[in-house]
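Chemist: After the structure tokens below, expect a handful of questions from me.
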Amino acid sequence: MRILKYAAVAALGLAFGLYESTFLTFVSGWLSYLKPILPSLVFFMLLERRGYALIFGACAGTVLDLFAVESPSLAPWRLLFIAATLWFVSERILTNRSVYSMVTMTLAGRLFDWSWLVTTEWIYGLMGRDVYLAPSLADLGRTAALDFVVTVALFIFGLLVMRQYLRPRRALAYG
Amino acid sequence: MPISRRVPLFIILMGTVLAVAVLYGIGILNPVQETLRWALSPLANLSAVIGTRLGHDAAGNVATLQAQVRDYEDRLAAFSVDYVKLRSLEEENRQLRVMAKFLSSTGYDHIGARVIARHIQGKSAAVLIDRGSDDGLEKGMAVIVGDGVLVGKITLLNRRLATVTLISDERSRVAAAPLGSNKLFGMVEGLGNGISRLTLVPQSEPLKRNDIVVTAGTEEKIPANLAIALVDEVKGQPTDPFKTATLLPLARLDQLSLVTVLRPAALRPVTDPQNYAHP
């Protein structure tokens with residue numbers, strides 16, 4: 001059963017990766033800023049399913065790089081580092097399980113993601129290659145706005161459907 | 001689990017990630033990547049087809065489209081007379097070529113490709129197509145739509161996919177000539193945001209609104225006389241050594257779904273009989 005769950009999470013990662021790398025690039029308007037991979041990573045983190053988060057991030061990132069129009073942005077490592085950072089933050093800094101912490105972590109993850117892309121662009125530049133990977137600040141703002149909506153929706157889903165976040169956090173968080 | 005027991009796990013995880021990153025960097029994982037691409041290509045194609053349909057349905061508002069239609073109708077009327085003359089010349093030319101058996105000596109054949117992803121924002125305008133080096137594609141080859149409208153060049157390549165940098169991309173440069181002449185007279189440069197311009201045109205060259213700019217044929221893998229764009233507005237003082245012109249694209253670069261890659265006949269794979277043209 002456990003393997004099946006991991007397989008389902010991997011399949012979800014592949015599906016979301018395909019969605020962001022191919023489908024989304026054909027869509028215009030606000031829908032084109034709807035990028036669910038990062039909020040889902042945070043969702044898995046706050047559900048304390050870190051293994052799922054890492055598998056999901058690796059699978060989604062792999063697909064993002066496989067079908068990258070520009071040069072690869074090392075997306076699997078980007079998402080794994082984001083997952084690891086969120087893991088650390090959720091353990092040591094934002095230990096409560098509120099919608100606020102989830103939104104904060106998603107936005108922090110999005111900023112980290114953008115910084116990674118800007119740094120990758122800069123490194124490509126040092127190697128003499130002109131590559132455009134990072135979205136403009138305006139696009140980043142639109143994506144962040146939709147991240148907020150997706151995160152709140154996921155939180156409510158977790159709360160009402162999965163009955164998560166209702167039980168008290170383990171001693172570590174409050175100790 | 002206490003934090004202290006998790007630290008080694010974290011280090012192991014990061015170490016693994018780093019090791020895989022190094023293997024990836026030196027290219028050992030390329031066969032794995034190609035296999036994954038092959039396995040996921042049908043899903044990527046399906047995703048692109050659905051995205052294209054939804055994207056086309058939602059594209060543009062009605063008022064903008066109506067204004068564009070009026071503008072294009074005006075231009076069409078102006079071109080009609082020229083078109084009739086051109087068609088008669090074209091027919092004559094075709095018959096002459098058939099007679100002289102020149103048809104197959106152009107040195108190019110073509111292969112169709114589907115756009116499976118796009119990156120059109122700001123300075124960047126590029127698309128990913130579902131053909132790669134396995135299909136005989138090479139960097140620098142011309143990518144066209146319709147009856148020979150150049151939309152871009154192949155700039156990145158792997159076995160199954162290729163990236164096409166469109167003519168409006170800031171990194172794009174295409175040698176250009178006026179219609180009806182193979183003489184190089186300028187450079188089509190991308191400016192980003194779907195715009196391109198013609199630069200480095202000597203003042204002595206006649207250039208006016210609605211002129212068609214075509215490829216000069218001076219680039220190794222791009223044939224001459226592929227239509228690129230229409231001249232919109234010519235800029236430059238008579239005292240300047242060169243003049244520039246803003247261009248109107250002849251194809252909707254933001255709505256590409258099917259394209260054709262022109263490849264020199266010498267590069268076509270022998271395993272592809274469908275696209276094999278007899279010399």
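Lettering and numbering for the structure tokens are positional, with chains as A, B, ... in the shown order, residues counted from 1 in each chain, and ligands counted from 1 in the shown order.
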Quick check: residues of chain B within 6 Å of chain A, only C-alpha atoms, returned as a ChimeraX atom specification.

Modeler: /B:47-48,51-52,55,116-118,127-128,163

Chemist: Using the chain letters and numbers from this document, which residues of range 88-226 of chain B does DSSP assign to strand (DSSP E or B), as a compact mmCIF listing (two decimals) with all heavy atoms, in the first residue's frame?

Modeler:
```
# COMPACT_ATOMS: atom_id res chain seq x y z
N TYR B 108 16.69 21.05 -50.39
CA TYR B 108 16.00 21.03 -49.11
C TYR B 108 14.81 20.08 -49.17
O TYR B 108 14.13 19.99 -50.17
CB TYR B 108 15.49 22.42 -48.73
CG TYR B 108 16.60 23.33 -48.30
CD1 TYR B 108 17.32 24.05 -49.22
CD2 TYR B 108 16.93 23.44 -46.95
CE1 TYR B 108 18.37 24.87 -48.83
CE2 TYR B 108 17.97 24.25 -46.54
CZ TYR B 108 18.68 24.97 -47.49
OH TYR B 108 19.71 25.77 -47.09
N ASP B 109 14.58 19.38 -48.08
CA ASP B 109 13.29 18.72 -47.93
C ASP B 109 12.72 19.20 -46.60
O ASP B 109 13.31 20.03 -45.92
CB ASP B 109 13.41 17.20 -48.05
CG ASP B 109 14.17 16.58 -46.92
OD1 ASP B 109 14.69 17.34 -46.07
OD2 ASP B 109 14.26 15.35 -46.85
N HIS B 110 11.57 18.70 -46.23
CA HIS B 110 10.92 19.26 -45.04
C HIS B 110 10.36 18.17 -44.15
O HIS B 110 10.13 17.04 -44.59
CB HIS B 110 9.80 20.22 -45.45
CG HIS B 110 8.71 19.54 -46.22
ND1 HIS B 110 8.78 19.40 -47.59
CD2 HIS B 110 7.57 18.94 -45.83
CE1 HIS B 110 7.69 18.75 -48.00
NE2 HIS B 110 6.95 18.47 -46.95
N ILE B 111 10.14 18.52 -42.91
CA ILE B 111 9.54 17.58 -41.97
C ILE B 111 8.62 18.37 -41.04
O ILE B 111 8.98 19.45 -40.56
CB ILE B 111 10.65 16.82 -41.20
CG1 ILE B 111 10.04 15.77 -40.28
CG2 ILE B 111 11.55 17.75 -40.40
CD1 ILE B 111 11.05 14.79 -39.74
N GLY B 112 7.44 17.85 -40.83
CA GLY B 112 6.46 18.53 -39.97
C GLY B 112 6.76 18.28 -38.50
O GLY B 112 7.34 17.26 -38.13
N ALA B 113 6.37 19.23 -37.66
CA ALA B 113 6.59 19.08 -36.22
C ALA B 113 5.47 19.77 -35.46
O ALA B 113 4.86 20.72 -35.96
CB ALA B 113 7.93 19.68 -35.82
N ARG B 114 5.21 19.25 -34.28
CA ARG B 114 4.19 19.86 -33.42
C ARG B 114 4.88 20.65 -32.31
O ARG B 114 5.88 20.20 -31.76
CB ARG B 114 3.30 18.78 -32.79
CG ARG B 114 2.33 19.32 -31.76
CD ARG B 114 1.39 18.25 -31.27
NE ARG B 114 0.41 17.89 -32.27
CZ ARG B 114 -0.65 18.64 -32.57
NH1 ARG B 114 -0.87 19.79 -31.97
NH2 ARG B 114 -1.50 18.24 -33.49
N VAL B 115 4.32 21.82 -32.03
CA VAL B 115 4.83 22.61 -30.91
C VAL B 115 4.28 22.01 -29.62
O VAL B 115 3.06 21.87 -29.47
CB VAL B 115 4.39 24.09 -31.04
CG1 VAL B 115 4.80 24.88 -29.81
CG2 VAL B 115 5.00 24.70 -32.29
N ILE B 116 5.17 21.63 -28.71
CA ILE B 116 4.67 21.02 -27.47
C ILE B 116 4.85 21.92 -26.25
O ILE B 116 4.31 21.62 -25.18
CB ILE B 116 5.28 19.62 -27.21
CG1 ILE B 116 6.80 19.70 -27.11
CG2 ILE B 116 4.85 18.63 -28.25
CD1 ILE B 116 7.40 18.38 -26.62
N ALA B 117 5.59 22.98 -26.38
CA ALA B 117 5.69 23.95 -25.27
C ALA B 117 6.16 25.28 -25.84
O ALA B 117 6.81 25.33 -26.88
CB ALA B 117 6.67 23.46 -24.21
N ARG B 118 5.80 26.35 -25.13
CA ARG B 118 6.20 27.68 -25.59
C ARG B 118 6.78 28.49 -24.44
O ARG B 118 6.46 28.22 -23.28
CB ARG B 118 4.98 28.44 -26.14
CG ARG B 118 4.30 27.74 -27.26
CD ARG B 118 3.26 28.59 -27.92
NE ARG B 118 2.20 29.01 -27.01
CZ ARG B 118 1.00 29.40 -27.41
NH1 ARG B 118 0.72 29.42 -28.68
NH2 ARG B 118 0.09 29.78 -26.54
N HIS B 119 7.61 29.42 -24.79
CA HIS B 119 8.14 30.35 -23.78
C HIS B 119 8.16 31.72 -24.42
O HIS B 119 9.15 32.15 -25.00
CB HIS B 119 9.53 29.91 -23.34
CG HIS B 119 10.05 30.67 -22.17
ND1 HIS B 119 11.02 31.62 -22.26
CD2 HIS B 119 9.69 30.64 -20.86
CE1 HIS B 119 11.26 32.13 -21.05
NE2 HIS B 119 10.48 31.55 -20.20
N ILE B 120 7.01 32.38 -24.37
CA ILE B 120 6.89 33.68 -25.03
C ILE B 120 6.54 34.71 -23.97
O ILE B 120 5.39 34.86 -23.57
CB ILE B 120 5.81 33.65 -26.15
CG1 ILE B 120 6.23 32.62 -27.21
CG2 ILE B 120 5.65 35.02 -26.78
CD1 ILE B 120 5.23 32.40 -28.30
N GLN B 121 7.55 35.36 -23.46
CA GLN B 121 7.33 36.41 -22.47
C GLN B 121 8.53 37.35 -22.47
O GLN B 121 9.68 36.91 -22.54
CB GLN B 121 7.11 35.82 -21.08
CG GLN B 121 8.25 34.96 -20.59
CD GLN B 121 8.02 34.47 -19.17
OE1 GLN B 121 6.92 34.09 -18.80
NE2 GLN B 121 9.07 34.49 -18.38
N SER B 124 12.01 36.95 -24.45
CA SER B 124 12.13 35.59 -24.95
C SER B 124 10.94 35.19 -25.83
O SER B 124 9.79 35.51 -25.50
CB SER B 124 12.24 34.63 -23.77
OG SER B 124 12.16 33.31 -24.22
N ALA B 125 11.21 34.52 -26.93
CA ALA B 125 10.15 33.95 -27.77
C ALA B 125 10.72 32.68 -28.39
O ALA B 125 11.47 32.72 -29.36
CB ALA B 125 9.74 34.95 -28.85
N ALA B 126 10.38 31.57 -27.78
CA ALA B 126 10.91 30.29 -28.25
C ALA B 126 9.85 29.22 -28.07
O ALA B 126 8.98 29.34 -27.21
CB ALA B 126 12.18 29.93 -27.48
N VAL B 127 9.92 28.19 -28.90
CA VAL B 127 8.99 27.07 -28.76
C VAL B 127 9.79 25.77 -28.80
O VAL B 127 10.90 25.71 -29.33
CB VAL B 127 7.91 27.05 -29.87
CG1 VAL B 127 7.02 28.27 -29.79
CG2 VAL B 127 8.54 26.95 -31.25
N LEU B 128 9.18 24.74 -28.22
CA LEU B 128 9.79 23.42 -28.22
C LEU B 128 9.00 22.54 -29.20
O LEU B 128 7.77 22.51 -29.14
CB LEU B 128 9.69 22.83 -26.81
CG LEU B 128 10.45 21.54 -26.53
CD1 LEU B 128 11.95 21.81 -26.49
CD2 LEU B 128 10.01 20.96 -25.18
N ILE B 129 9.69 21.86 -30.11
CA ILE B 129 9.00 21.00 -31.08
C ILE B 129 9.36 19.54 -30.84
O ILE B 129 10.40 19.24 -30.25
CB ILE B 129 9.31 21.41 -32.55
CG1 ILE B 129 10.81 21.37 -32.82
CG2 ILE B 129 8.73 22.77 -32.86
CD1 ILE B 129 11.17 21.57 -34.29
N ALA B 142 16.01 26.33 -40.72
CA ALA B 142 14.87 27.24 -40.77
C ALA B 142 13.58 26.51 -40.40
O ALA B 142 13.38 25.36 -40.79
CB ALA B 142 14.74 27.81 -42.17
N VAL B 143 12.73 27.20 -39.66
CA VAL B 143 11.42 26.65 -39.31
C VAL B 143 10.37 27.57 -39.91
O VAL B 143 10.42 28.79 -39.72
CB VAL B 143 11.26 26.57 -37.77
CG1 VAL B 143 9.90 26.02 -37.40
CG2 VAL B 143 12.36 25.69 -37.19
N ILE B 144 9.44 26.98 -40.65
CA ILE B 144 8.46 27.79 -41.37
C ILE B 144 7.03 27.34 -41.03
O ILE B 144 6.83 26.27 -40.45
CB ILE B 144 8.65 27.70 -42.91
CG1 ILE B 144 8.46 26.25 -43.38
CG2 ILE B 144 10.02 28.19 -43.30
CD1 ILE B 144 8.36 26.11 -44.90
N VAL B 145 6.08 28.18 -41.38
CA VAL B 145 4.67 27.78 -41.32
C VAL B 145 4.05 28.10 -42.68
O VAL B 145 4.59 28.91 -43.44
CB VAL B 145 3.88 28.51 -40.21
CG1 VAL B 145 4.32 28.06 -38.84
CG2 VAL B 145 4.00 30.01 -40.35
N VAL B 149 6.56 30.83 -44.68
CA VAL B 149 6.79 32.01 -43.83
C VAL B 149 7.75 31.60 -42.72
O VAL B 149 7.44 30.72 -41.92
CB VAL B 149 5.47 32.53 -43.23
CG1 VAL B 149 5.74 33.68 -42.27
CG2 VAL B 149 4.52 32.96 -44.33
N LEU B 150 8.91 32.23 -42.70
CA LEU B 150 9.91 31.87 -41.68
C LEU B 150 9.43 32.35 -40.31
O LEU B 150 9.05 33.50 -40.14
CB LEU B 150 11.25 32.54 -42.00
CG LEU B 150 12.37 32.20 -41.03
CD1 LEU B 150 13.03 30.88 -41.40
CD2 LEU B 150 13.41 33.30 -40.99
N VAL B 151 9.48 31.45 -39.33
CA VAL B 151 9.12 31.85 -37.97
C VAL B 151 10.31 31.80 -37.02
O VAL B 151 10.30 32.42 -35.96
CB VAL B 151 7.95 31.01 -37.39
CG1 VAL B 151 6.66 31.31 -38.11
CG2 VAL B 151 8.26 29.53 -37.41
N GLY B 152 11.34 31.04 -37.37
CA GLY B 152 12.49 30.99 -36.47
C GLY B 152 13.53 30.01 -36.93
O GLY B 152 13.46 29.45 -38.03
N LYS B 153 14.52 29.82 -36.05
CA LYS B 153 15.62 28.90 -36.35
C LYS B 153 15.80 27.95 -35.17
O LYS B 153 15.54 28.33 -34.02
CB LYS B 153 16.92 29.69 -36.52
CG LYS B 153 17.01 30.49 -37.77
CD LYS B 153 18.44 30.97 -38.01
CE LYS B 153 18.76 32.24 -37.26
NZ LYS B 153 20.02 32.86 -37.69
N ILE B 154 16.29 26.77 -35.45
CA ILE B 154 16.58 25.82 -34.37
C ILE B 154 17.86 26.26 -33.66
O ILE B 154 18.89 26.50 -34.29
CB ILE B 154 16.74 24.39 -34.93
CG1 ILE B 154 15.38 23.91 -35.45
CG2 ILE B 154 17.28 23.44 -33.88
CD1 ILE B 154 15.41 22.56 -36.10
N THR B 155 17.74 26.36 -32.33
CA THR B 155 18.92 26.83 -31.58
C THR B 155 19.39 25.83 -30.52
O THR B 155 20.53 25.88 -30.10
CB THR B 155 18.60 28.16 -30.87
OG1 THR B 155 17.38 28.02 -30.15
CG2 THR B 155 18.50 29.29 -31.86
N LEU B 156 18.50 24.97 -30.06
CA LEU B 156 18.90 23.94 -29.09
C LEU B 156 18.35 22.61 -29.58
O LEU B 156 17.25 22.56 -30.13
CB LEU B 156 18.31 24.23 -27.70
CG LEU B 156 19.00 25.26 -26.83
CD1 LEU B 156 18.18 25.47 -25.56
CD2 LEU B 156 20.41 24.82 -26.46
N LEU B 157 19.11 21.56 -29.33
CA LEU B 157 18.72 20.29 -29.93
C LEU B 157 19.06 19.13 -29.01
O LEU B 157 20.10 19.11 -28.37
CB LEU B 157 19.53 20.16 -31.22
CG LEU B 157 19.12 19.14 -32.27
CD1 LEU B 157 17.74 19.48 -32.80
CD2 LEU B 157 20.12 19.16 -33.41
N ALA B 162 13.54 19.76 -30.07
CA ALA B 162 14.39 20.88 -30.48
C ALA B 162 13.73 22.19 -30.06
O ALA B 162 12.50 22.29 -30.04
CB ALA B 162 14.59 20.86 -31.99
N THR B 163 14.56 23.15 -29.73
CA THR B 163 14.05 24.48 -29.39
C THR B 163 14.20 25.39 -30.60
O THR B 163 15.27 25.46 -31.20
CB THR B 163 14.82 25.07 -28.20
OG1 THR B 163 14.56 24.27 -27.05
CG2 THR B 163 14.38 26.49 -27.90
N VAL B 164 13.11 26.06 -30.93
CA VAL B 164 13.11 27.01 -32.05
C VAL B 164 13.05 28.42 -31.48
O VAL B 164 12.11 28.76 -30.77
CB VAL B 164 11.89 26.78 -32.97
CG1 VAL B 164 11.88 27.78 -34.12
CG2 VAL B 164 11.84 25.36 -33.47
N THR B 165 14.07 29.21 -31.76
CA THR B 165 14.05 30.61 -31.33
C THR B 165 13.33 31.41 -32.41
O THR B 165 13.74 31.42 -33.57
CB THR B 165 15.48 31.14 -31.12
OG1 THR B 165 16.08 30.34 -30.09
CG2 THR B 165 15.47 32.58 -30.67
N LEU B 166 12.24 32.05 -32.03
CA LEU B 166 11.40 32.75 -33.01
C LEU B 166 12.02 34.09 -33.40
O LEU B 166 12.88 34.63 -32.69
CB LEU B 166 10.00 32.97 -32.43
CG LEU B 166 9.27 31.69 -31.98
CD1 LEU B 166 7.90 32.04 -31.40
CD2 LEU B 166 9.11 30.72 -33.13
N ARG B 173 18.63 36.73 -35.02
CA ARG B 173 19.15 37.54 -36.12
C ARG B 173 18.99 36.73 -37.41
O ARG B 173 19.42 35.57 -37.46
CB ARG B 173 20.64 37.84 -35.94
CG ARG B 173 20.99 38.57 -34.67
CD ARG B 173 20.62 40.06 -34.77
NE ARG B 173 21.03 40.78 -33.58
CZ ARG B 173 20.30 40.87 -32.47
NH1 ARG B 173 19.14 40.28 -32.38
NH2 ARG B 173 20.75 41.58 -31.43
N VAL B 174 18.37 37.33 -38.42
CA VAL B 174 18.20 36.64 -39.70
C VAL B 174 18.62 37.59 -40.82
O VAL B 174 18.16 38.75 -40.86
CB VAL B 174 16.73 36.21 -39.91
CG1 VAL B 174 16.57 35.48 -41.24
CG2 VAL B 174 16.24 35.32 -38.78
N ALA B 175 19.47 37.11 -41.72
CA ALA B 175 19.88 37.92 -42.86
C ALA B 175 18.69 38.09 -43.80
O ALA B 175 18.02 37.11 -44.15
CB ALA B 175 21.03 37.25 -43.59
N ALA B 176 18.42 39.34 -44.22
CA ALA B 176 17.21 39.62 -44.98
C ALA B 176 17.51 40.24 -46.34
O ALA B 176 18.56 40.84 -46.56
CB ALA B 176 16.32 40.57 -44.18
N ALA B 177 16.54 40.07 -47.23
CA ALA B 177 16.64 40.64 -48.57
C ALA B 177 15.26 41.15 -48.98
O ALA B 177 14.25 40.70 -48.44
CB ALA B 177 17.12 39.57 -49.55
N PRO B 178 15.21 42.08 -49.94
CA PRO B 178 13.89 42.49 -50.43
C PRO B 178 13.30 41.40 -51.32
O PRO B 178 14.05 40.62 -51.91
CB PRO B 178 14.19 43.76 -51.23
CG PRO B 178 15.62 43.66 -51.59
CD PRO B 178 16.30 42.83 -50.57
N GLY B 186 19.94 43.74 -45.25
CA GLY B 186 19.67 44.11 -43.86
C GLY B 186 19.58 42.90 -42.96
O GLY B 186 19.80 41.76 -43.40
N MET B 187 19.27 43.16 -41.71
CA MET B 187 19.20 42.10 -40.71
C MET B 187 17.88 42.23 -39.96
O MET B 187 17.53 43.32 -39.50
CB MET B 187 20.38 42.30 -39.74
CG MET B 187 20.58 41.20 -38.77
SD MET B 187 21.30 39.77 -39.54
CE MET B 187 22.98 40.29 -39.71
N VAL B 188 17.15 41.11 -39.85
CA VAL B 188 15.92 41.13 -39.05
C VAL B 188 16.31 40.76 -37.62
O VAL B 188 16.82 39.67 -37.37
CB VAL B 188 14.87 40.15 -39.60
CG1 VAL B 188 13.67 40.08 -38.65
CG2 VAL B 188 14.42 40.59 -40.98
N GLU B 189 16.08 41.70 -36.70
CA GLU B 189 16.44 41.49 -35.30
C GLU B 189 15.17 41.41 -34.46
O GLU B 189 14.25 42.20 -34.63
CB GLU B 189 17.25 42.68 -34.77
CG GLU B 189 18.61 42.83 -35.39
CD GLU B 189 19.36 44.02 -34.78
OE1 GLU B 189 18.78 44.72 -33.92
OE2 GLU B 189 20.50 44.25 -35.18
N GLY B 190 15.15 40.46 -33.55
CA GLY B 190 14.04 40.39 -32.61
C GLY B 190 14.20 41.43 -31.53
O GLY B 190 15.32 41.76 -31.14
N LEU B 191 13.07 41.95 -31.05
CA LEU B 191 13.12 42.95 -29.97
C LEU B 191 12.39 42.46 -28.73
O LEU B 191 12.30 43.18 -27.74
CB LEU B 191 12.48 44.27 -30.44
CG LEU B 191 13.20 45.01 -31.57
CD1 LEU B 191 12.40 46.23 -31.96
CD2 LEU B 191 14.59 45.42 -31.13
N GLY B 192 11.85 41.25 -28.78
CA GLY B 192 11.04 40.77 -27.67
C GLY B 192 9.63 41.29 -27.78
O GLY B 192 9.32 42.14 -28.63
N ILE B 195 7.83 41.61 -31.21
CA ILE B 195 8.20 42.63 -32.20
C ILE B 195 9.57 42.31 -32.80
O ILE B 195 10.45 41.80 -32.12
CB ILE B 195 8.27 44.02 -31.53
CG1 ILE B 195 6.95 44.33 -30.83
CG2 ILE B 195 8.59 45.10 -32.54
CD1 ILE B 195 7.04 45.50 -29.89
N SER B 196 9.70 42.61 -34.09
CA SER B 196 11.03 42.52 -34.69
C SER B 196 11.22 43.73 -35.61
O SER B 196 10.25 44.41 -35.98
CB SER B 196 11.19 41.21 -35.46
OG SER B 196 10.11 40.99 -36.31
N ARG B 197 12.46 44.00 -35.95
CA ARG B 197 12.72 45.14 -36.82
C ARG B 197 13.81 44.80 -37.82
O ARG B 197 14.61 43.89 -37.59
CB ARG B 197 13.11 46.37 -36.00
CG ARG B 197 14.47 46.24 -35.36
CD ARG B 197 14.89 47.50 -34.67
NE ARG B 197 16.17 47.26 -33.99
CZ ARG B 197 16.79 48.15 -33.25
NH1 ARG B 197 16.25 49.33 -33.05
NH2 ARG B 197 17.93 47.86 -32.68
N LEU B 198 13.81 45.57 -38.90
CA LEU B 198 14.83 45.41 -39.93
C LEU B 198 15.87 46.49 -39.71
O LEU B 198 15.54 47.67 -39.60
CB LEU B 198 14.16 45.56 -41.30
CG LEU B 198 15.03 45.39 -42.53
CD1 LEU B 198 15.56 43.97 -42.63
CD2 LEU B 198 14.23 45.72 -43.78
N THR B 199 17.14 46.08 -39.61
CA THR B 199 18.19 47.06 -39.35
C THR B 199 19.28 46.97 -40.41
O THR B 199 19.29 46.03 -41.21
CB THR B 199 18.84 46.82 -37.97
OG1 THR B 199 19.40 45.51 -37.97
CG2 THR B 199 17.85 46.96 -36.85
N LEU B 200 20.19 47.90 -40.35
CA LEU B 200 21.38 47.93 -41.21
C LEU B 200 21.02 47.97 -42.71
O LEU B 200 21.73 47.40 -43.53
CB LEU B 200 22.28 46.72 -40.92
CG LEU B 200 22.84 46.63 -39.49
CD1 LEU B 200 23.58 45.31 -39.29
CD2 LEU B 200 23.78 47.79 -39.21
N VAL B 201 19.93 48.63 -43.02
CA VAL B 201 19.55 48.77 -44.43
C VAL B 201 20.21 50.04 -44.98
O VAL B 201 19.97 51.13 -44.47
CB VAL B 201 18.02 48.88 -44.59
CG1 VAL B 201 17.65 48.98 -46.06
CG2 VAL B 201 17.33 47.69 -43.95
N PRO B 202 21.04 49.94 -46.00
CA PRO B 202 21.69 51.14 -46.54
C PRO B 202 20.65 52.14 -47.04
O PRO B 202 19.59 51.75 -47.55
CB PRO B 202 22.51 50.59 -47.71
CG PRO B 202 22.70 49.15 -47.42
CD PRO B 202 21.48 48.72 -46.68
N ILE B 212 7.61 43.34 -48.64
CA ILE B 212 7.82 42.04 -47.99
C ILE B 212 9.33 41.79 -47.86
O ILE B 212 10.07 41.98 -48.83
CB ILE B 212 7.16 40.91 -48.78
CG1 ILE B 212 5.63 41.08 -48.76
CG2 ILE B 212 7.53 39.55 -48.20
CD1 ILE B 212 4.88 40.04 -49.55
N VAL B 213 9.72 41.41 -46.67
CA VAL B 213 11.13 41.09 -46.42
C VAL B 213 11.28 39.57 -46.44
O VAL B 213 10.48 38.86 -45.82
CB VAL B 213 11.57 41.66 -45.05
CG1 VAL B 213 13.02 41.28 -44.75
CG2 VAL B 213 11.39 43.16 -45.02
N VAL B 214 12.28 39.08 -47.16
CA VAL B 214 12.49 37.63 -47.25
C VAL B 214 13.91 37.28 -46.80
O VAL B 214 14.74 38.16 -46.60
CB VAL B 214 12.27 37.11 -48.70
CG1 VAL B 214 10.86 37.39 -49.16
CG2 VAL B 214 13.28 37.73 -49.66
N THR B 215 14.16 35.98 -46.66
CA THR B 215 15.50 35.57 -46.27
C THR B 215 16.46 35.77 -47.43
O THR B 215 16.10 35.59 -48.60
CB THR B 215 15.51 34.08 -45.86
OG1 THR B 215 14.93 33.32 -46.91
CG2 THR B 215 14.74 33.85 -44.59
```

Chemist: So which residues of range 27-164 of chain A fall under helix (DSSP H, G or I) by DSSP, listed as an MDAnalysis selection string?

Modeler: chainID A and resid 29:33 37:46 50:66 75:92 99:126 137:160

Chemist: Using only C-alpha atoms, which residue out of A:Arg50, A:Lys35, A:Arg78, A:Arg2 lies closest to Arg142 in chain A?

Modeler: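 Residue with the minimum atom-to-atom distance to Arg142 in chain A: A:Lys35.
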